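Engineer: Next up, target.txt (compact mmCIF, C-alpha atoms).
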# COMPACT_ATOMS: atom_id res chain seq x y z
CA MET F 1 7.29 -37.21 -15.50
CA SER F 2 5.57 -34.99 -18.08
CA LEU F 3 1.82 -34.38 -17.95
CA THR F 4 -0.29 -34.69 -21.09
CA PHE F 5 -3.38 -32.60 -21.72
CA SER F 6 -5.61 -35.68 -21.31
CA THR F 7 -4.09 -36.37 -17.90
CA PHE F 8 -4.39 -32.69 -17.04
CA ILE F 9 -8.12 -32.82 -17.82
CA MET F 10 -8.58 -35.91 -15.63
CA THR F 11 -6.64 -34.35 -12.75
CA LEU F 12 -8.69 -31.17 -13.11
CA ALA F 13 -11.93 -33.16 -12.97
CA GLU F 14 -10.76 -34.98 -9.83
CA ALA F 15 -9.93 -31.68 -8.08
CA ILE F 16 -13.38 -30.32 -8.94
CA GLN F 17 -15.13 -33.52 -7.89
CA SER F 18 -13.31 -33.64 -4.52
CA GLU F 19 -13.68 -29.84 -4.02
CA ASN F 20 -9.93 -29.52 -3.51
CA GLY F 21 -9.38 -25.76 -3.76
CA PRO F 22 -5.58 -25.65 -3.24
CA ASN F 23 -5.04 -28.38 -5.84
CA LEU F 24 -7.33 -26.63 -8.31
CA ALA F 25 -5.34 -23.42 -7.79
CA TYR F 26 -2.09 -25.31 -8.45
CA LEU F 27 -3.44 -26.88 -11.65
CA LEU F 28 -4.51 -23.52 -13.08
CA ARG F 29 -1.34 -21.62 -12.17
CA PRO F 30 0.67 -20.79 -15.34
CA THR F 31 3.97 -21.17 -13.48
CA SER F 32 3.24 -24.74 -12.35
CA PRO F 33 5.60 -27.36 -13.90
CA HIS F 34 2.88 -29.01 -15.99
CA GLY F 35 2.39 -25.71 -17.83
CA LYS F 36 5.70 -26.28 -19.64
CA ASP F 37 4.64 -29.84 -20.49
CA LEU F 38 1.51 -28.54 -22.19
CA VAL F 39 3.53 -25.98 -24.14
CA LYS F 40 5.73 -28.79 -25.48
CA GLU F 41 2.70 -30.96 -26.33
CA PHE F 42 1.02 -28.22 -28.38
CA ARG F 43 3.68 -26.47 -30.44
CA ASN F 44 1.49 -23.80 -32.06
CA PRO F 45 -2.00 -24.22 -30.60
CA THR F 46 -5.02 -22.13 -31.51
CA ARG F 47 -8.10 -21.81 -29.36
CA GLU F 48 -10.31 -22.84 -32.28
CA GLY F 49 -8.25 -25.96 -32.95
CA LEU F 50 -8.21 -26.99 -29.31
CA THR F 51 -11.95 -26.36 -28.97
CA ALA F 52 -12.70 -28.50 -32.03
CA ARG F 53 -10.64 -31.34 -30.59
CA TYR F 54 -11.31 -31.12 -26.85
CA GLY F 55 -14.54 -29.14 -26.50
CA GLY F 56 -17.01 -31.05 -24.33
CA CYS F 57 -14.38 -33.43 -22.93
CA ILE F 58 -15.27 -32.12 -19.46
CA GLU F 59 -18.32 -30.30 -18.16
CA SER F 60 -18.71 -26.65 -19.13
CA PRO F 61 -17.14 -24.18 -18.42
CA TRP F 62 -14.13 -26.32 -17.48
CA ASP F 63 -13.42 -27.42 -21.05
CA ASP F 64 -13.02 -23.79 -22.10
CA ILE F 65 -11.02 -23.00 -18.93
CA ALA F 66 -8.59 -25.84 -19.65
CA ILE F 67 -8.17 -24.74 -23.27
CA ARG F 68 -7.57 -21.13 -22.28
CA TYR F 69 -5.04 -22.30 -19.71
CA VAL F 70 -3.04 -23.93 -22.52
CA MET F 71 -3.21 -20.67 -24.48
CA VAL F 72 -2.05 -18.66 -21.46
CA THR F 73 0.98 -20.89 -20.86
CA THR F 74 1.82 -20.82 -24.57
CA HIS F 75 1.69 -17.02 -24.77
CA ILE F 76 3.84 -16.73 -21.64
CA ALA F 77 6.41 -19.12 -23.11
CA ARG F 78 6.47 -17.04 -26.32
CA LYS F 79 6.79 -13.84 -24.21
CA ARG F 80 3.49 -12.43 -25.48
CA ALA F 81 2.33 -10.78 -22.26
CA GLY F 82 -0.61 -8.90 -23.79
CA GLU F 83 -2.10 -12.01 -25.38
CA ALA F 84 -1.49 -14.01 -22.19
CA PHE F 85 -3.36 -11.37 -20.18
CA ASN F 86 -6.33 -11.42 -22.56
CA GLU F 87 -6.60 -15.21 -22.34
CA GLN F 88 -6.24 -15.16 -18.54
CA SER F 89 -8.95 -12.50 -18.34
CA GLN F 90 -11.32 -14.72 -20.33
CA LEU F 91 -10.32 -17.74 -18.24
CA VAL F 92 -11.27 -15.89 -15.05
CA SER F 93 -14.58 -14.77 -16.56
CA GLN F 94 -15.38 -18.41 -17.41
CA PHE F 95 -14.43 -19.43 -13.86
CA PHE F 96 -16.93 -16.90 -12.47
CA ARG F 97 -19.74 -18.93 -14.08
CA TYR F 98 -18.79 -21.86 -11.86
CA PHE F 99 -17.74 -19.79 -8.86
CA ILE F 100 -21.10 -18.07 -8.27
CA ASN F 101 -22.86 -21.43 -7.89
CA ASN F 102 -20.39 -22.91 -5.39
CA THR F 103 -19.15 -22.35 -1.86
CA GLY F 104 -15.91 -21.04 -0.41
CA TRP F 105 -13.87 -24.13 -1.33
CA THR F 106 -13.23 -22.38 -4.66
CA LEU F 107 -11.56 -19.36 -3.02
CA PRO F 108 -7.94 -20.62 -3.23
CA ALA F 109 -8.37 -21.04 -7.00
CA LEU F 110 -9.97 -17.58 -7.28
CA PHE F 111 -7.13 -15.95 -5.35
CA SER F 112 -4.51 -17.66 -7.51
CA MET F 113 -6.21 -16.74 -10.79
CA LEU F 114 -6.66 -13.09 -9.82
CA ARG F 115 -3.06 -12.84 -8.65
CA ASP F 116 -1.86 -14.27 -11.96
CA LEU F 117 -4.14 -11.86 -13.82
CA ARG F 118 -2.63 -8.89 -11.98
CA ASP F 119 0.92 -10.11 -12.64
CA LEU F 120 0.23 -10.60 -16.34
CA ALA F 121 -1.36 -7.15 -16.52
CA PHE F 122 1.76 -5.67 -14.94
CA ASP F 123 4.02 -7.47 -17.43
CA ALA F 124 1.84 -6.47 -20.40
CA ASP F 125 1.77 -2.79 -19.39
CA ASN F 126 5.52 -2.77 -18.81
CA TYR F 127 6.19 -4.39 -22.18
CA ALA F 128 3.94 -1.86 -23.92
CA LYS F 129 5.58 1.04 -22.10
CA TYR F 130 9.05 -0.20 -23.06
CA ASN F 131 7.97 -0.31 -26.71
CA ASN F 132 6.25 3.11 -26.59
CA GLN F 133 2.81 1.53 -26.92
CA LYS F 134 -0.38 2.21 -24.99
CA SER F 135 -1.72 -0.50 -22.71
CA GLU F 136 -4.45 -0.45 -20.07
CA CYS F 137 -4.28 -4.07 -18.94
CA MET F 138 -3.96 -3.20 -15.25
CA GLU F 139 -7.09 -1.06 -15.43
CA SER F 140 -8.91 -3.93 -17.17
CA ALA F 141 -7.64 -6.29 -14.48
CA ALA F 142 -9.10 -4.00 -11.81
CA GLY F 143 -12.49 -4.33 -13.52
CA VAL F 144 -12.28 -8.14 -13.49
CA VAL F 145 -11.21 -8.19 -9.84
CA SER F 146 -14.13 -5.88 -8.99
CA LYS F 147 -16.49 -8.49 -10.47
CA ALA F 148 -14.89 -11.09 -8.22
CA PHE F 149 -15.62 -8.80 -5.26
CA SER F 150 -19.30 -8.64 -6.25
CA ASN F 151 -19.41 -12.42 -6.68
CA CYS F 152 -18.01 -12.90 -3.17
CA MET F 153 -20.44 -10.41 -1.65
CA MET F 154 -23.49 -11.97 -3.31
CA ASP F 155 -23.17 -15.31 -1.49
CA ARG F 156 -26.33 -15.64 0.59
CA THR F 157 -26.89 -19.40 0.42
CA SER F 158 -23.62 -21.01 1.58
CA PRO F 159 -23.19 -22.02 5.23
CA PRO F 160 -21.34 -19.26 7.17
CA SER F 161 -18.16 -21.31 7.53
CA GLU F 162 -18.09 -22.09 3.78
CA SER F 163 -19.21 -18.70 2.48
CA ARG F 164 -17.52 -16.99 -0.43
CA LYS F 165 -17.57 -13.86 1.76
CA TRP F 166 -14.37 -15.16 3.37
CA GLY F 167 -12.65 -13.96 0.20
CA VAL F 168 -13.95 -10.40 0.37
CA TYR F 169 -10.98 -8.70 2.05
CA TYR F 170 -8.38 -10.50 -0.08
CA VAL F 171 -10.17 -9.40 -3.25
CA VAL F 172 -10.58 -5.85 -1.92
CA GLY F 173 -6.83 -5.71 -1.22
CA LEU F 174 -6.12 -6.91 -4.75
CA VAL F 175 -8.42 -4.40 -6.45
CA LEU F 176 -6.95 -1.57 -4.36
CA LYS F 177 -3.47 -2.63 -5.48
CA CYS F 178 -4.62 -2.36 -9.09
CA TYR F 179 -6.18 1.08 -8.54
CA PHE F 180 -3.02 2.36 -6.87
CA ARG F 181 -0.90 0.94 -9.69
CA VAL F 182 -2.85 2.82 -12.39
CA LYS F 183 -3.30 5.92 -10.20
CA ARG F 184 -7.10 5.65 -10.22
CA ILE F 185 -7.28 5.90 -6.45
CA SER F 186 -10.62 7.74 -6.47
CA LEU F 187 -12.29 4.52 -7.67
CA SER F 188 -11.41 2.91 -4.34
CA LYS F 189 -14.29 4.76 -2.70
CA ASN F 190 -16.85 2.69 -4.59
CA ILE F 191 -15.41 -0.61 -3.35
CA LEU F 192 -15.12 0.61 0.24
CA ARG F 193 -18.64 2.03 0.16
CA ALA F 194 -20.04 -1.31 -1.00
CA LEU F 195 -17.99 -3.12 1.64
CA ASN F 196 -19.20 -0.92 4.49
CA ALA F 197 -22.82 -1.12 3.30
CA ASN F 198 -22.95 -4.90 3.79
CA PRO F 199 -23.55 -5.82 7.46
CA ASP F 200 -23.42 -9.58 6.80
CA ILE F 201 -19.64 -9.70 6.35
CA PRO F 202 -17.75 -11.33 9.26
CA PRO F 203 -15.64 -8.97 11.40
CA LEU F 204 -12.26 -8.10 9.91
CA SER F 205 -10.50 -9.65 12.92
CA GLU F 206 -11.80 -13.11 11.92
CA TYR F 207 -10.11 -13.03 8.51
CA PRO F 208 -6.57 -14.32 7.87
CA ARG F 209 -3.94 -11.94 9.16
CA SER F 210 -2.49 -11.34 5.70
CA HIS F 211 -5.91 -10.14 4.47
CA GLN F 212 -6.19 -7.78 7.46
CA VAL F 213 -2.72 -6.30 6.93
CA THR F 214 -3.24 -5.61 3.22
CA TYR F 215 -6.66 -4.05 3.80
CA ARG F 216 -5.48 -1.86 6.67
CA TYR F 217 -2.40 -0.76 4.72
CA TYR F 218 -4.46 0.50 1.80
CA LEU F 219 -7.05 2.04 4.12
CA GLY F 220 -4.18 3.86 5.84
CA MET F 221 -2.76 4.96 2.49
CA LEU F 222 -6.13 6.33 1.34
CA SER F 223 -6.43 8.29 4.60
CA PHE F 224 -2.85 9.52 4.19
CA LEU F 225 -3.52 10.83 0.69
CA ASN F 226 -6.70 12.51 1.96
CA GLU F 227 -4.62 14.10 4.77
CA ASP F 228 -6.64 12.33 7.46
CA PHE F 229 -3.40 11.64 9.28
CA THR F 230 -4.96 10.46 12.55
CA LYS F 231 -6.89 7.63 10.87
CA SER F 232 -3.93 6.88 8.63
CA GLU F 233 -1.63 6.45 11.62
CA GLN F 234 -4.15 4.16 13.34
CA GLU F 235 -4.58 1.89 10.33
CA LEU F 236 -0.87 1.74 9.44
CA THR F 237 0.06 1.02 13.07
CA LEU F 238 -2.37 -1.92 13.16
CA ALA F 239 -1.07 -3.12 9.79
CA PHE F 240 2.53 -2.98 11.04
CA TYR F 241 1.89 -4.81 14.31
CA HIS F 242 -0.10 -7.55 12.55
CA CYS F 243 2.41 -7.95 9.72
CA TYR F 244 4.42 -11.17 9.72
CA ILE F 245 7.92 -10.53 11.06
CA PRO F 246 9.69 -12.29 8.14
CA ALA F 247 7.78 -10.07 5.65
CA GLN F 248 10.54 -7.43 5.66
CA SER F 249 9.49 -5.73 2.43
CA ASN F 250 5.89 -5.36 3.61
CA GLN F 251 7.01 -3.90 6.94
CA GLU F 252 9.24 -1.47 5.08
CA ARG F 253 6.35 -0.41 2.84
CA ILE F 254 4.19 0.31 5.88
CA LEU F 255 6.93 2.15 7.78
CA THR F 256 7.65 4.36 4.76
CA TYR F 257 4.49 6.25 5.70
CA LEU F 258 4.08 5.38 9.36
CA ILE F 259 7.45 6.81 10.44
CA PRO F 260 6.80 10.29 8.91
CA LEU F 261 3.37 10.31 10.58
CA ARG F 262 4.94 9.41 13.92
CA ILE F 263 7.56 12.13 13.38
CA LEU F 264 4.74 14.67 13.01
CA ARG F 265 3.58 13.59 16.47
CA GLY F 266 7.08 14.10 17.84
CA HIS F 267 7.94 10.39 18.11
CA LEU F 268 11.31 9.87 16.44
CA PRO F 269 12.32 6.35 15.35
CA THR F 270 14.96 4.50 17.38
CA ARG F 271 18.32 3.54 15.94
CA ASP F 272 17.46 -0.16 16.39
CA LEU F 273 14.39 0.22 14.20
CA MET F 274 16.20 2.13 11.47
CA ASP F 275 19.05 -0.40 11.41
CA ARG F 276 16.52 -3.08 10.45
CA PHE F 277 15.49 -1.11 7.35
CA PRO F 278 18.59 0.31 5.59
CA VAL F 279 16.61 1.82 2.69
CA LEU F 280 14.42 3.82 5.06
CA ASP F 281 17.43 4.70 7.17
CA GLU F 282 19.15 6.26 4.16
CA LEU F 283 16.03 8.26 3.28
CA LEU F 284 14.79 9.38 6.70
CA ALA F 285 17.87 9.42 8.96
CA PRO F 286 18.99 12.91 7.78
CA PHE F 287 15.60 14.36 8.76
CA VAL F 288 15.61 12.65 12.15
CA ALA F 289 19.17 13.81 12.89
CA ALA F 290 18.32 17.40 11.89
CA ILE F 291 15.26 17.42 14.17
CA ARG F 292 17.28 16.08 17.10
CA ALA F 293 19.94 18.77 16.55
CA GLY F 294 17.51 21.59 15.70
CA ASP F 295 19.54 22.05 12.50
CA ILE F 296 17.17 23.72 10.05
CA SER F 297 19.70 24.14 7.26
CA ALA F 298 20.54 20.40 7.39
CA TYR F 299 16.82 19.61 7.24
CA ASP F 300 16.36 21.87 4.22
CA ALA F 301 19.38 20.25 2.54
CA ALA F 302 17.82 16.80 3.08
CA LEU F 303 14.52 18.02 1.61
CA GLN F 304 16.35 19.27 -1.46
CA LYS F 305 18.48 16.13 -1.85
CA TRP F 306 15.57 13.70 -1.61
CA GLU F 307 12.94 15.90 -3.27
CA ARG F 308 12.34 13.66 -6.30
CA ARG F 309 12.08 10.47 -4.25
CA LEU F 310 9.80 12.11 -1.68
CA LEU F 311 7.52 13.40 -4.43
CA GLU F 312 7.32 9.90 -5.92
CA LEU F 313 6.26 8.58 -2.52
CA ASN F 314 3.86 11.50 -1.82
CA LEU F 315 5.92 12.27 1.29
CA TRP F 316 7.40 15.65 0.45
CA LEU F 317 4.59 17.77 1.92
CA THR F 318 4.46 15.64 5.07
CA LEU F 319 8.17 16.00 5.76
CA GLU F 320 8.11 19.66 4.78
CA ARG F 321 5.45 20.11 7.47
CA ALA F 322 7.67 18.29 9.99
CA ARG F 323 10.25 21.06 9.47
CA GLU F 324 8.43 22.92 12.25
CA LEU F 325 9.82 20.35 14.70
CA CYS F 326 13.33 21.44 13.71
CA ILE F 327 12.54 25.04 14.56
CA ARG F 328 10.93 23.96 17.84
CA GLY F 329 14.04 21.97 18.71
CA LEU F 330 16.29 24.94 17.99
CA PHE F 331 14.21 27.36 20.06
CA ARG F 332 14.05 24.87 22.92
CA ARG F 333 17.86 24.77 22.92
CA VAL F 334 17.85 28.56 23.28
CA TRP F 335 15.47 28.21 26.23
CA VAL F 336 17.70 25.59 27.88
CA ALA F 337 20.78 27.78 27.25
CA THR F 338 19.13 30.60 29.23
CA ASP F 339 18.58 28.27 32.21
CA LYS F 340 14.94 27.91 31.15
CA SER F 341 14.23 31.59 31.68
CA THR F 342 10.66 32.79 31.21
CA ARG F 343 11.87 35.97 29.47
CA ILE F 344 14.08 35.67 26.42
CA PRO F 345 14.94 38.48 24.01
CA ILE F 346 13.84 37.90 20.42
CA ALA F 347 17.42 38.70 19.47
CA MET F 348 18.53 35.37 20.95
CA PHE F 349 16.13 33.44 18.75
CA HIS F 350 17.26 35.56 15.81
CA CYS F 351 20.89 34.76 16.58
CA SER F 352 20.15 31.01 16.83
CA LEU F 353 18.49 31.03 13.41
CA ARG F 354 21.48 32.80 11.85
CA LEU F 355 23.91 30.37 13.49
CA LYS F 356 22.02 27.51 11.80
CA GLY F 357 22.35 29.16 8.41
CA ILE F 358 18.88 30.78 8.25
CA ASP F 359 19.58 34.37 7.19
CA VAL F 360 16.49 36.26 8.36
CA SER F 361 15.79 39.72 9.72
CA MET F 362 14.73 40.41 13.31
CA ASP F 363 11.11 40.85 12.22
CA GLU F 364 11.19 37.50 10.43
CA ALA F 365 12.65 35.86 13.53
CA GLU F 366 9.77 37.33 15.53
CA CYS F 367 7.37 35.76 13.01
CA TYR F 368 9.06 32.40 13.50
CA VAL F 369 8.48 32.66 17.26
CA ALA F 370 4.89 33.83 16.80
CA ASN F 371 4.20 30.87 14.55
CA MET F 372 5.62 28.44 17.11
CA ILE F 373 3.35 29.91 19.78
CA TYR F 374 0.32 29.89 17.48
CA GLN F 375 0.82 26.23 16.56
CA GLY F 376 1.21 25.18 20.20
CA TYR F 377 4.89 24.26 20.05
CA MET F 378 5.64 26.97 22.66
CA ARG F 379 3.50 28.45 25.45
CA GLY F 380 3.79 32.18 25.99
CA TYR F 381 3.44 35.50 24.21
CA ILE F 382 5.56 38.18 22.54
CA SER F 383 6.03 41.65 23.94
CA HIS F 384 6.64 43.45 20.67
CA GLU F 385 7.35 46.75 22.38
CA LYS F 386 10.15 45.25 24.52
CA GLN F 387 11.22 42.74 21.85
CA MET F 388 10.87 40.02 24.46
CA VAL F 389 9.36 36.53 24.43
CA VAL F 390 7.56 35.74 27.68
CA LEU F 391 7.26 31.98 28.18
CA ALA F 392 5.03 30.06 30.55
CA SER F 393 6.66 29.19 33.86
CA THR F 394 5.59 25.55 33.47
CA ASN F 395 5.60 23.38 30.38
CA ALA F 396 6.93 26.14 28.13
CA PHE F 397 7.63 23.61 25.38
CA PRO F 398 4.82 21.02 25.55
CA ARG F 399 5.35 17.57 24.12
CA VAL F 400 4.51 17.62 20.42
CA ALA F 401 2.00 14.80 20.87
CA ASP F 402 0.16 16.86 23.54
CA ARG F 403 -0.79 19.61 21.10
CA SER F 404 -4.50 19.91 20.34
CA ALA F 405 -3.91 18.80 16.75
CA PRO F 406 -0.49 17.07 16.73
CA LEU F 407 -0.79 15.86 13.14
CA SER F 408 -1.75 19.24 11.69
Go ahead and express the file in the form of structure tokens.
Structural biologist:
Amino acid sequence: MSLTFSTFIMTLAEAIQSENGPNLAYLLRPTSPHGKDLVKEFRNPTREGLTARYGGCIESPWDDIAIRYVMVTTHIARKRAGEAFNEQSQLVSQFFRYFINNTGWTLPALFSMLRDLRDLAFDADNYAKYNNQKSECMESAAGVVSKAFSNCMMDRTSPPSESRKWGVYYVVGLVLKCYFRVKRISLSKNILRALNANPDIPPLSEYPRSHQVTYRYYLGMLSFLNEDFTKSEQELTLAFYHCYIPAQSNQERILTYLIPLRILRGHLPTRDLMDRFPVLDELLAPFVAAIRAGDISAYDAALQKWERRLLELNLWLTLERARELCIRGLFRRVWVATDKSTRIPIAMFHCSLRLKGIDVSMDEAECYVANMIYQGYMRGYISHEKQMVVLASTNAFPRVADRSAPLS
């Protein structure tokens, strides 16, 4: 049964009167079935025409919100993503007028509107890019979402259980997504600073798990990009273990960065884990296999093969740093081959490098060994005069995770 605009207005008023947040969110979602009914009812609507006819039919700002909703659905049906985004942006701004004077029952509608705004911004920017035009809709969307964050934070009158502050972490996750999309990651600091400066926000653990996972993922990503690998690993680990098991794509997104960080600590992923994520297996399995075999040339070949993809993911430098584990693995094999002798000629390490396709001189091989000792991958010293490596009698090759700075 089709829904007319008059019925839509009445249903909207009922949802507002009963403070039914989920129903309000459904009514204002452009992809809901009644959106198509409204497109058919108004063939070529204009905002001015609709305002002249329906303005004041429901309390402000809901009359304008309803009219803009019709315009959004119409623009989407006509595949005018840019115009749809502009109308949705104004719709959200009108909703803020109502939102700031109400409690947390409005949060489902806020979440839905902001999500639709982000999706429309993505479509508009993609359409503009395809047609060689300039579009900054996603950046504009980030500004609107930031206002929603402020509106959630400002709630000081609602009862704790009904506070708008229960929407803070969802909105933060959404604005961080927008900043990452437009590569304006530095702006994230302002949001996080404002978040940390407010002591009245409930603990993160009390928020829905999906809000926690998104927030921790982006916090981990920010730390990763700032090369604070210890904090990044902590946040991404928590995000992974709290992520819903059926959310395969989200788990894969987290593991894309968590696995390389764990590799830096010497913890290689199991075959069972990699089998669950074929895309990651294809990308990272060559590096893991090369580390296990101490095959430096294979590792370098994988770096070269996947260079473009790794640069896109900001992973190239991290995996290039993990190359040291390959060298450690090779030198440990030399040590095992000598029955774990405490005195090994540099020539043996030189020979092992050449066997793996690394054509270096004896002096360069000595530098390789010196670097391993300096970084804590080996315990011992080099007798340059005798061209001999003297290793510690115990724990000559410490566990990678036991180094003083395992992620450096």
Engineer: Can you tell me how far CA of Glu252 (chain F) sits from CA of Asp123 (chain F), in Å to one decimal?
Structural biologist: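 The value is 23.9 Å.
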Engineer: What separation in Å, quoted to one decimal, exists between CA of Arg181 (chain F) and CA of Met138 (chain F)?
Structural biologist: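 Computed distance, CA of Arg181 (chain F) to CA of Met138 (chain F), equals 7.6 Å.
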Engineer: Could you name the residues that touch region 364-367 of chain F at 9 Å or less, counting all atoms listed in the file, but leaving out those on the same chain fewer than 5 positions away, as a PyMOL selection string?
Structural biologist: chain F and resi 346-347+349-351+353+372+382+384+387+389
Engineer: Which is closer to Leu28 (chain F) than all the others in F:Leu91, F:Cys178, F:Leu236, F:Ala124, using all atoms listed in the file?
Structural biologist: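 Of F:Leu91, F:Cys178, F:Leu236, F:Ala124, the one nearest Leu28 (chain F), counting all atoms listed in the file, is F:Leu91.
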Engineer: At what distance in Å, to one decimal, does CA of Arg265 (chain F) lie from CA of Ser223 (chain F)?
Structural biologist: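 If I compute the distance from CA of Ser223 (chain F) to CA of Arg265 (chain F), I get 16.4 Å.
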Engineer: Out of F:Val360, F:Ile344, F:Ile259, F:Ala290, which residue has the shortest atom-to-atom distance to Gly380 (chain F) when counting all atoms listed in the file?
Structural biologist: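 Checking each candidate against Gly380 (chain F), we get F:Ile344 as the closest.
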Engineer: Mind checking which residues fall within 12 Å of region 39-42 of chain F, counting all atoms listed in the file, ignoring those fewer than 5 positions away in the same chain, and posting them as a list in words?
Structural biologist: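 After dropping sequence-adjacent residues, the list is Ser2, Leu3, Thr4, Phe5, Ser6, Phe8, Pro30, Thr31, Ser32, Pro33, His34, Arg47, Gly49, Leu50, Ile67, Tyr69, Val70, Met71, Val72, Thr73, Thr74, His75, Ile76, Ala77 and Arg78 of chain F.
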Engineer: Pick out the closest residue to Ile327 (chain F) from this set: F:Leu303, F:Met348, F:Ile296, F:Ala148. Count only C-alpha atoms.
Structural biologist: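 Nearest to Ile327 (chain F): F:Ile296.
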Engineer: I'd like to know which of F:Leu284, F:Leu264, F:Ala81, F:Leu319 is closest to Tyr127 (chain F), using all atoms listed in the file.
Structural biologist: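 Answer, going by the shortest atom-to-atom distance: F:Ala81.
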Engineer: Write out as a ChimeraX atom specification each polymer residue whose atoms come within 10 Å of Ser297 (chain F), counting all atoms listed in the file; drop sequence neighbours fewer than 3 positions from it.
Structural biologist: /F:290,294,300-303,326,353-358
Engineer: Under the rule that only C-alpha atoms are counted, which of F:Ile100, F:Arg193, F:Gly82, F:Arg209 is the nearest residue to Arg164 (chain F)?
Structural biologist: F:Ile100
Engineer: Restricting the calculation to only C-alpha atoms, which member of F:Pro45, F:Gly173, F:Pro260, F:Gly21 is positioned closest to Ala142 (chain F)?
Structural biologist: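 Under the stated criterion, the closest residue is F:Gly173.
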Engineer: Show me, as an mmCIF file with C-alpha atoms, in the frame of the given file, the residues that have an atom within 10 Å of region 390-400 of chain F when counting all atoms listed in the file, minus same-chain residues fewer than 6 positions from it.
Structural biologist:
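What follows is the written file result15.cif:
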data_model
loop_
_atom_site.group_PDB
_atom_site.id
_atom_site.type_symbol
_atom_site.label_atom_id
_atom_site.label_comp_id
_atom_site.auth_asym_id
_atom_site.auth_seq_id
_atom_site.Cartn_x
_atom_site.Cartn_y
_atom_site.Cartn_z
ATOM 1 C CA ILE F 263 7.560 12.130 13.380
ATOM 2 C CA LEU F 264 4.740 14.670 13.010
ATOM 3 C CA ARG F 265 3.580 13.590 16.470
ATOM 4 C CA GLY F 266 7.080 14.100 17.840
ATOM 5 C CA HIS F 267 7.940 10.390 18.110
ATOM 6 C CA LEU F 325 9.820 20.350 14.700
ATOM 7 C CA ARG F 328 10.930 23.960 17.840
ATOM 8 C CA GLY F 329 14.040 21.970 18.710
ATOM 9 C CA PHE F 331 14.210 27.360 20.060
ATOM 10 C CA ARG F 332 14.050 24.870 22.920
ATOM 11 C CA TRP F 335 15.470 28.210 26.230
ATOM 12 C CA LYS F 340 14.940 27.910 31.150
ATOM 13 C CA SER F 341 14.230 31.590 31.680
ATOM 14 C CA THR F 342 10.660 32.790 31.210
ATOM 15 C CA ARG F 343 11.870 35.970 29.470
ATOM 16 C CA ILE F 344 14.080 35.670 26.420
ATOM 17 C CA PRO F 345 14.940 38.480 24.010
ATOM 18 C CA ILE F 346 13.840 37.900 20.420
ATOM 19 C CA MET F 372 5.620 28.440 17.110
ATOM 20 C CA ILE F 373 3.350 29.910 19.780
ATOM 21 C CA GLY F 376 1.210 25.180 20.200
ATOM 22 C CA TYR F 377 4.890 24.260 20.050
ATOM 23 C CA MET F 378 5.640 26.970 22.660
ATOM 24 C CA ARG F 379 3.500 28.450 25.450
ATOM 25 C CA GLY F 380 3.790 32.180 25.990
ATOM 26 C CA TYR F 381 3.440 35.500 24.210
ATOM 27 C CA ILE F 382 5.560 38.180 22.540
ATOM 28 C CA SER F 383 6.030 41.650 23.940
ATOM 29 C CA PRO F 406 -0.490 17.070 16.730
ATOM 30 C CA LEU F 407 -0.790 15.860 13.140
#
Engineer: For Glu233 (chain F), list every protein, DNA or RNA residue within 9 Å, evaluated using only C-alpha atoms, and leave out those in the same chain fewer than 5 positions away; present the list as a PDB file with C-alpha atoms, keeping the file's coordinate frame.
Structural biologist:
ATOM      1  CA  GLY F 220      -4.180   3.860   5.840  1.00  0.00           C
ATOM      2  CA  SER F 223      -6.430   8.290   4.600  1.00  0.00           C
ATOM      3  CA  PHE F 224      -2.850   9.520   4.190  1.00  0.00           C
ATOM      4  CA  ASP F 228      -6.640  12.330   7.460  1.00  0.00           C
ATOM      5  CA  LEU F 238      -2.370  -1.920  13.160  1.00  0.00           C
ATOM      6  CA  TYR F 257       4.490   6.250   5.700  1.00  0.00           C
ATOM      7  CA  LEU F 258       4.080   5.380   9.360  1.00  0.00           C
ATOM      8  CA  LEU F 261       3.370  10.310  10.580  1.00  0.00           C
ATOM      9  CA  ARG F 262       4.940   9.410  13.920  1.00  0.00           C
TER      10      ARG F 262
END
Engineer: Starting from the point (-11.6, -15.8, 11.5), work out which residues of protein, DNA or RNA have an atom no more than 12 Å away when counting all atoms listed in the file; state them as an MDAnalysis selection string.
Structural biologist: chainID F and resid 160:162 165:167 169 201:212
Engineer: Enumerate, as number ranges by chain, the protein, DNA and RNA residues whose atoms approach (-10.3, -15.3, -5.6) to within 12 Å, taking into account only C-alpha atoms and the coordinate frame of the file.
Structural biologist: F: 21-22, 25, 92-93, 95-96, 99-100, 103-118, 144-153, 164-175
